[in-house]
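Notes follow once the structure below has been shown.
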Amino acid sequence: MTKANQSGRDADPRRTIPLNSQAWRKLRASVLDREPLCRHCAARGITTVATDVDHISGNPSDNSMGNLQSLCHECHSLKTARDHGKKVYLGCDLNGMPLDPSHPWYRPSDAVLASQQAIERQKSRATGGTRPAASPSFNADC
Ligand SMILES: [Zn+2]
């Protein structure tokens with residue numbers, strides 16, 4: 001393949017080993033043989049067979065073993081999108097809960113907030129406190 005007809009990730013001028021070369025196939029097989037499971041899935045407690053080899057730093061010219069990791073295709077696509085500045089949605093865990101901690105499902109509902117306020121009012125009555133809604137302001141200079 002010449003540079004003129006390269007496309008996609010091969011088009012990155014920093015890439016020193018073309019994806020369709022025997023050298024890359026050999027290096028890829030070596031990485032997948034050494035680490036057969038997706039590293040990102042494993043970090044989340046999920047066992048997934050790796051299919052892709054990723055340049056950890058995002059620099060495709062660094063083909064040292066320390067810069068290469070095995071990922072499943074989904075994790076590799078997400079990482080590549082993130083590396084290129086795209087917003088990435090993480091999906092959900094094994095229980096169906098969103099991995100994004102700011103997801104609306106993690107915000108308390110109006111019903112939960114109302115019941116928490118009712119509990120606070122009952123505690124206030126139980127302690128005999130008729131606390132004012134707001135503390136009176138106090139200015140020592142007056
Ligand atoms: Zn994965």
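Starting from 1 in every chain, residues are counted up; chains themselves are A, B, ... following the order of the structure tokens, and ligands are numbered from 1 as listed.
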Residues at most 6 Å from Leu99 in chain A, counting only C-alpha atoms, excluding those fewer than 3 positions away in the same chain, as a short mmCIF file (atom, residue, chain, number, x, y, z; two decimals) with N, CA, C and O atoms, in the first residue's frame?
data_model
loop_
_atom_site.label_atom_id
_atom_site.label_comp_id
_atom_site.auth_asym_id
_atom_site.auth_seq_id
_atom_site.Cartn_x
_atom_site.Cartn_y
_atom_site.Cartn_z
N LEU A 90 -20.63 5.90 28.11
CA LEU A 90 -20.03 4.67 28.61
C LEU A 90 -20.96 3.48 28.69
O LEU A 90 -20.51 2.37 28.89
N GLY A 91 -22.24 3.65 28.58
CA GLY A 91 -23.15 2.52 28.66
C GLY A 91 -23.48 2.17 30.10
O GLY A 91 -23.53 3.04 30.97
N CYS A 92 -23.66 0.88 30.38
CA CYS A 92 -24.08 0.48 31.72
C CYS A 92 -23.28 -0.72 32.21
O CYS A 92 -22.59 -1.37 31.45
#
>> Among range 34-140 of chain A, which residues does DSSP mark as alpha helix (DSSP H) when it is run on the backbone? Keep the chain and numbering as in the structure and answer as an MDAnalysis selection string.
In response: chainID A and resid 34 39:43 73:83 110:126
For the interface of chain A with ligand 1 (cut-off 10 Å, counting only C-alpha atoms and all ligand atoms), please tabulate each contacting residue of chain A alongside its nearest pair of atoms and their separation in Å to one decimal, rows sorted by chain and increasing number, as a tab-separated table.
residue	atom	partner	partner_atom_place_in_ligand_line	distance
A:Leu37	CA	ligand 1	1 (Zn)	8.0
A:Cys38	CA	ligand 1	1 (Zn)	4.7
A:Arg39	CA	ligand 1	1 (Zn)	6.6
A:His40	CA	ligand 1	1 (Zn)	5.1
A:Cys41	CA	ligand 1	1 (Zn)	4.1
A:Ala42	CA	ligand 1	1 (Zn)	7.4
A:Ala43	CA	ligand 1	1 (Zn)	9.0
A:Arg44	CA	ligand 1	1 (Zn)	8.9
A:Ile46	CA	ligand 1	1 (Zn)	7.9
A:Thr47	CA	ligand 1	1 (Zn)	8.1
A:Thr48	CA	ligand 1	1 (Zn)	6.0
A:Val49	CA	ligand 1	1 (Zn)	7.8
A:Ala50	CA	ligand 1	1 (Zn)	7.0
A:Thr51	CA	ligand 1	1 (Zn)	9.1
A:Asp52	CA	ligand 1	1 (Zn)	9.5
A:Ser70	CA	ligand 1	1 (Zn)	8.7
A:Leu71	CA	ligand 1	1 (Zn)	5.3
A:Cys72	CA	ligand 1	1 (Zn)	4.2
A:His73	CA	ligand 1	1 (Zn)	6.8
A:Glu74	CA	ligand 1	1 (Zn)	6.0
A:Cys75	CA	ligand 1	1 (Zn)	4.3
A:His76	CA	ligand 1	1 (Zn)	7.2
A:Ser77	CA	ligand 1	1 (Zn)	9.5
A:Leu78	CA	ligand 1	1 (Zn)	9.3
A:Lys79	CA	ligand 1	1 (Zn)	10.0
> For Leu19 in chain A, which residue among A:Gly96, A:Pro108, A:Gly85, A:Pro60 is the nearest when counting only C-alpha atoms?
Replying inline: A:Pro60
> What is the distance between CA of Gln22 in chain A and CA of Asn59 in chain A, in Å to one decimal?
Replying inline: 19.9 Å
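Picture a line from CA of Asp83 in chain A to CA of Glu35 in chain A; it runs 22.0 Å.
Here CA of Ala29 in chain A is placed at a distance of 20.1 Å from CA of Thr80 in chain A.
For the residues A:Arg107, A:Asn63, A:Arg121, A:Gly45, ranking by smallest atom-to-atom distance to Asp93 in chain A using only C-alpha atoms places A:Gly45 first.
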